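Contents: one structure, followed by commentary.
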Amino acid sequence: MDKQPQIAADIEDKLVKRAARRLVPFVMFVYFVSYIDRVNIGFASIQMEKARHILPGILGLGGGLYFISYVLFEVPSNLMIKRQGVRRFLTTIMLTWGAIACGMALVQGPRSFLIMRFLLGAAEAGVFPGVILYLTYWFPKSYRGKVMGWFTLAIPLSSFIGSPISAALLQMDKILGLGGWQWLFIVEGAPAIVFGVVCWFYISDGPGDARWLTAEERQIYKNLLARERTADESRSAHVPLWRVLLDPTVLGLGVVLAASSATSNTFAIWSPRFIKSFHVSDMTAGWLNSAPFLLGAVAIVAGGYHSDRKNERIWHAAGPLLCACVCTALLLVLPAFAPSYVLLAITIMGIYAAKAPIWAVSTEWLPDEMKAVGIAQINAVSSLISFFPIYIVGLIRDAHGSFGLAFLPMAFISAIGSGVLLLMNRRRSAAAACAATQGVPGR
């Protein structure tokens, strides 16, 4: 029996795992810092409401305005990453968003707050879709559920670790004449600048120029990815930019992603204020806000691993989203702290468990030449939808409504996203079956 194919497969597997150990922790930290800088206004606003008159309506508008600029600059950013290369692109945007995140300490009132949030969204626009695209340069489809799971783990970890840190930084009020909220922005924005410099020396654009691989290993790695890419390209042709942006699959997946991302973005910003509404101290709010996101971190890794193990994406995404929908709706009828807190934790687990399977199916459904723009557009659609629940929560809070009522739109978003994914999968399955009976290979 010829053992050569098995030996070659083992070598490729070891190379992919080696790349995962080197690259995934770094990109996780990049997005960890990015997400903290995106949502730390939830804690900063506790003091900014009095210090700079940032009322709930302004907080919601600023939280949502971030995603408007994020959407405007996202697709151009992902086009730039293909032209400039990952190393230069990530280094530039990390230095830029780090400076803006620190500059949030200079906010004087609602107008400057909204301007800085808009600029921060523009600066961070390319981080997530850029890294998702970058991971496809390194990891075959069979690894992507796990890899996407580990990468997106940075999202719940940012709130799990960042919540008590943010609460502690608020205690630095009046030190060196700065408010605690100002120290929060400075301390949490600085790592992006530091690791922007590190990125230049650590990241390579792809396996072909990775100096930590030997010439032989680089060639093996390139051949591994080329086999998969060739199979994809044999089933597809060049697609114009406008057609990718308006592709029904891309737009539909954007709605599906919103069921996870729009809701997680909203909870990340508003859950500190939700917990604070039960009249606990800042530090207590920090620790209480942390725990549900630890459970979310476990769910995101478990979802990615189990999805890969079962080679199933659809119900691994739709099921948790339906669970999150039900629990979010129940917040309206169970307003006491204990049941509300449990429902919040289960909701967060649901929306995070769905993330890796959603991104895995997105990279699998899009042909190779559509990935760069398609991934950015999926994230852009999701981010645009994020504006609405974040802003609506602020409007309802300003009108003295309950958090249960304010969070209700997120239940609808989760239900719609789950339904769209199931419908898209049903139509793709029907189209594939029809093509098979006619002897035509499906896309």
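By order of appearance in the structure tokens: chains A, B, ..., then residues from 1 within every chain, and ligands from 1 in the order shown.
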
For Ser383 (chain A): contacts at 7 Å, only C-alpha atoms, fewer than 4 positions along chain excluded, given as a PyMOL selection string: chain A and resi 67+71+262+379+387

Name all residues at most 8 Å from Tyr137 (chain A) (count only C-alpha atoms; drop same-chain ones fewer than 6 positions away) and give them as an NGL selection string. :A and (206-207 or 225)

In terms of only C-alpha atoms, the residue from A:Asn78, A:Gly42, A:Trp359, A:Ser158 at minimal distance from Gly62 (chain A) is A:Gly42

Choose the residue, out of A:Leu321, A:Ile165, A:Ile348, A:Leu405, that has the smallest atom-to-atom separation from Pro335 (chain A); count only C-alpha atoms.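 Using only C-alpha atoms, Pro335 (chain A) sits closest to A:Leu405.
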
Contacts of Gln377 (chain A) at 8 Å (only C-alpha atoms; same-chain gap of 3+ positions) as an NGL selection string: :A and (74-75 or 245 or 250-251 or 254 or 373-374 or 380-381)

Could you save the residues just selected, with N, CA and C atoms, as a tab-separated table (two decimals), in the first residue's frame?
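Resulting contents of out.tsv:
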chain	number	residue	atom	x	y	z
A	74	GLU	N	-15.97	50.10	4.35
A	74	GLU	CA	-15.61	48.69	4.48
A	74	GLU	C	-15.18	48.04	3.17
A	75	VAL	N	-16.00	48.16	2.14
A	75	VAL	CA	-15.64	47.54	0.85
A	75	VAL	C	-14.36	48.18	0.28
A	245	LEU	N	-21.67	43.14	-5.18
A	245	LEU	CA	-22.30	43.95	-4.15
A	245	LEU	C	-23.80	43.71	-4.07
A	250	VAL	N	-24.86	37.22	-1.26
A	250	VAL	CA	-24.10	38.14	-0.42
A	250	VAL	C	-25.03	38.95	0.48
A	251	LEU	N	-26.07	39.52	-0.08
A	251	LEU	CA	-26.99	40.34	0.71
A	251	LEU	C	-27.73	39.50	1.74
A	254	GLY	N	-25.54	38.78	4.57
A	254	GLY	CA	-25.39	39.98	5.40
A	254	GLY	C	-26.51	40.08	6.42
A	373	VAL	N	-14.54	41.10	-1.98
A	373	VAL	CA	-15.62	42.09	-1.93
A	373	VAL	C	-16.84	41.51	-1.24
A	374	GLY	N	-17.13	40.22	-1.49
A	374	GLY	CA	-18.31	39.60	-0.91
A	374	GLY	C	-18.26	39.58	0.61
A	380	ALA	N	-20.61	44.57	5.77
A	380	ALA	CA	-21.15	45.93	5.65
A	380	ALA	C	-22.66	45.94	5.85
A	381	VAL	N	-23.35	44.98	5.23
A	381	VAL	CA	-24.80	44.90	5.41
A	381	VAL	C	-25.14	44.67	6.88

Contact residues around region 304-308 of chain A with only C-alpha atoms at 8 Å, ignoring same-chain residues under 5 positions, as a compact mmCIF listing (two decimals) with C-alpha atoms, in the first residue's frame:
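Okay, out_3.txt is ready:
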# COMPACT_ATOMS: atom_id res chain seq x y z
CA SER A 142 -11.99 21.98 6.47
CA TYR A 143 -10.23 24.14 9.08
CA ARG A 144 -12.26 27.33 8.79
CA GLY A 145 -15.01 26.56 11.31
CA LYS A 146 -12.42 26.11 14.07
CA VAL A 147 -10.25 29.00 12.92
CA MET A 148 -13.21 31.38 12.56
CA GLY A 149 -14.36 30.25 15.99
CA TRP A 150 -11.01 31.03 17.60
CA ARG A 313 -23.24 24.79 9.21
CA HIS A 316 -25.38 25.25 13.96
CA ALA A 353 -22.43 30.25 19.09
CA ALA A 356 -18.28 30.82 13.39
CA PRO A 357 -20.77 28.66 11.43

Looking only at the backbone, which of the residues in region 203-429 of chain A does DSSP tag as alpha helix (DSSP H), as an MDAnalysis selection string? chainID A and resid 215:233 241:245 248:276 282:310 314:330 337:353 355:365 371:398 403:406 408:429

Report, in Å with one decimal, the straight-line distance from CA of Ala105 (chain A) to CA of Trp183 (chain A).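 These atoms are spaced 7.3 Å apart.
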
Find the residues near Pro25 (chain A): any atom within 9 Å, counting only C-alpha atoms, skip ones fewer than 5 places away on the same chain, and give them as a ChimeraX atom specification. /A:20,30,150-151

Provide the CA of Phe139 (chain A) to CA of Thr363 (chain A) distance in Å, to one decimal place.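 Separation of CA of Phe139 (chain A) and CA of Thr363 (chain A): 11.1 Å.
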
Can you pull out every residue within 9 Å of region 81-95 of chain A, counting only C-alpha atoms, but drop anything in the same chain fewer than 2 positions away, and send it as an MDAnalysis selection string? chainID A and resid 30 34 76:79 97:100 123:127 130:131 134 192:206 372

Limited to C-alpha atoms, could you put the picked residues into a file as an mmCIF file, in the first residue's frame?
data_model
loop_
_atom_site.group_PDB
_atom_site.id
_atom_site.type_symbol
_atom_site.label_atom_id
_atom_site.label_comp_id
_atom_site.auth_asym_id
_atom_site.auth_seq_id
_atom_site.Cartn_x
_atom_site.Cartn_y
_atom_site.Cartn_z
ATOM 1 C CA VAL A 30 -5.938 42.699 16.996
ATOM 2 C CA SER A 34 -10.553 46.756 18.073
ATOM 3 C CA PRO A 76 -12.945 50.083 -0.180
ATOM 4 C CA SER A 77 -10.842 48.841 2.734
ATOM 5 C CA ASN A 78 -11.057 45.231 1.595
ATOM 6 C CA LEU A 79 -10.110 46.244 -1.935
ATOM 7 C CA TRP A 97 -7.691 53.752 14.941
ATOM 8 C CA GLY A 98 -5.446 53.665 18.030
ATOM 9 C CA ALA A 99 -4.846 57.412 17.725
ATOM 10 C CA ILE A 100 -8.559 58.100 17.290
ATOM 11 C CA ALA A 123 -10.640 53.699 10.758
ATOM 12 C CA GLU A 124 -11.736 50.246 11.952
ATOM 13 C CA ALA A 125 -13.801 49.413 8.860
ATOM 14 C CA GLY A 126 -11.322 47.017 7.286
ATOM 15 C CA VAL A 127 -10.222 45.058 10.350
ATOM 16 C CA GLY A 130 -9.737 42.018 6.155
ATOM 17 C CA VAL A 131 -8.761 39.373 8.694
ATOM 18 C CA TYR A 134 -6.594 36.879 5.276
ATOM 19 C CA ALA A 192 -3.632 49.425 19.014
ATOM 20 C CA ILE A 193 -0.720 51.815 18.434
ATOM 21 C CA VAL A 194 1.820 49.494 20.075
ATOM 22 C CA PHE A 195 0.684 46.387 18.198
ATOM 23 C CA GLY A 196 0.392 48.323 14.964
ATOM 24 C CA VAL A 197 4.154 48.599 15.075
ATOM 25 C CA VAL A 198 4.511 44.921 16.072
ATOM 26 C CA CYS A 199 2.289 43.930 13.137
ATOM 27 C CA TRP A 200 4.789 45.303 10.617
ATOM 28 C CA PHE A 201 7.466 42.879 11.802
ATOM 29 C CA TYR A 202 5.266 39.878 12.630
ATOM 30 C CA ILE A 203 2.715 39.431 9.831
ATOM 31 C CA SER A 204 3.451 38.164 6.318
ATOM 32 C CA ASP A 205 1.074 38.698 3.411
ATOM 33 C CA GLY A 206 0.642 34.972 2.740
ATOM 34 C CA ALA A 372 -12.727 39.791 -1.028
#

Write out as a PyMOL selection string the residues lying within 12 Å of Leu61 (chain A), counting only C-alpha atoms and excluding same-chain residues fewer than 5 positions away. chain A and resi 41+54-56+66-68+110-111+113-115+117-118+266+269+386-395+398
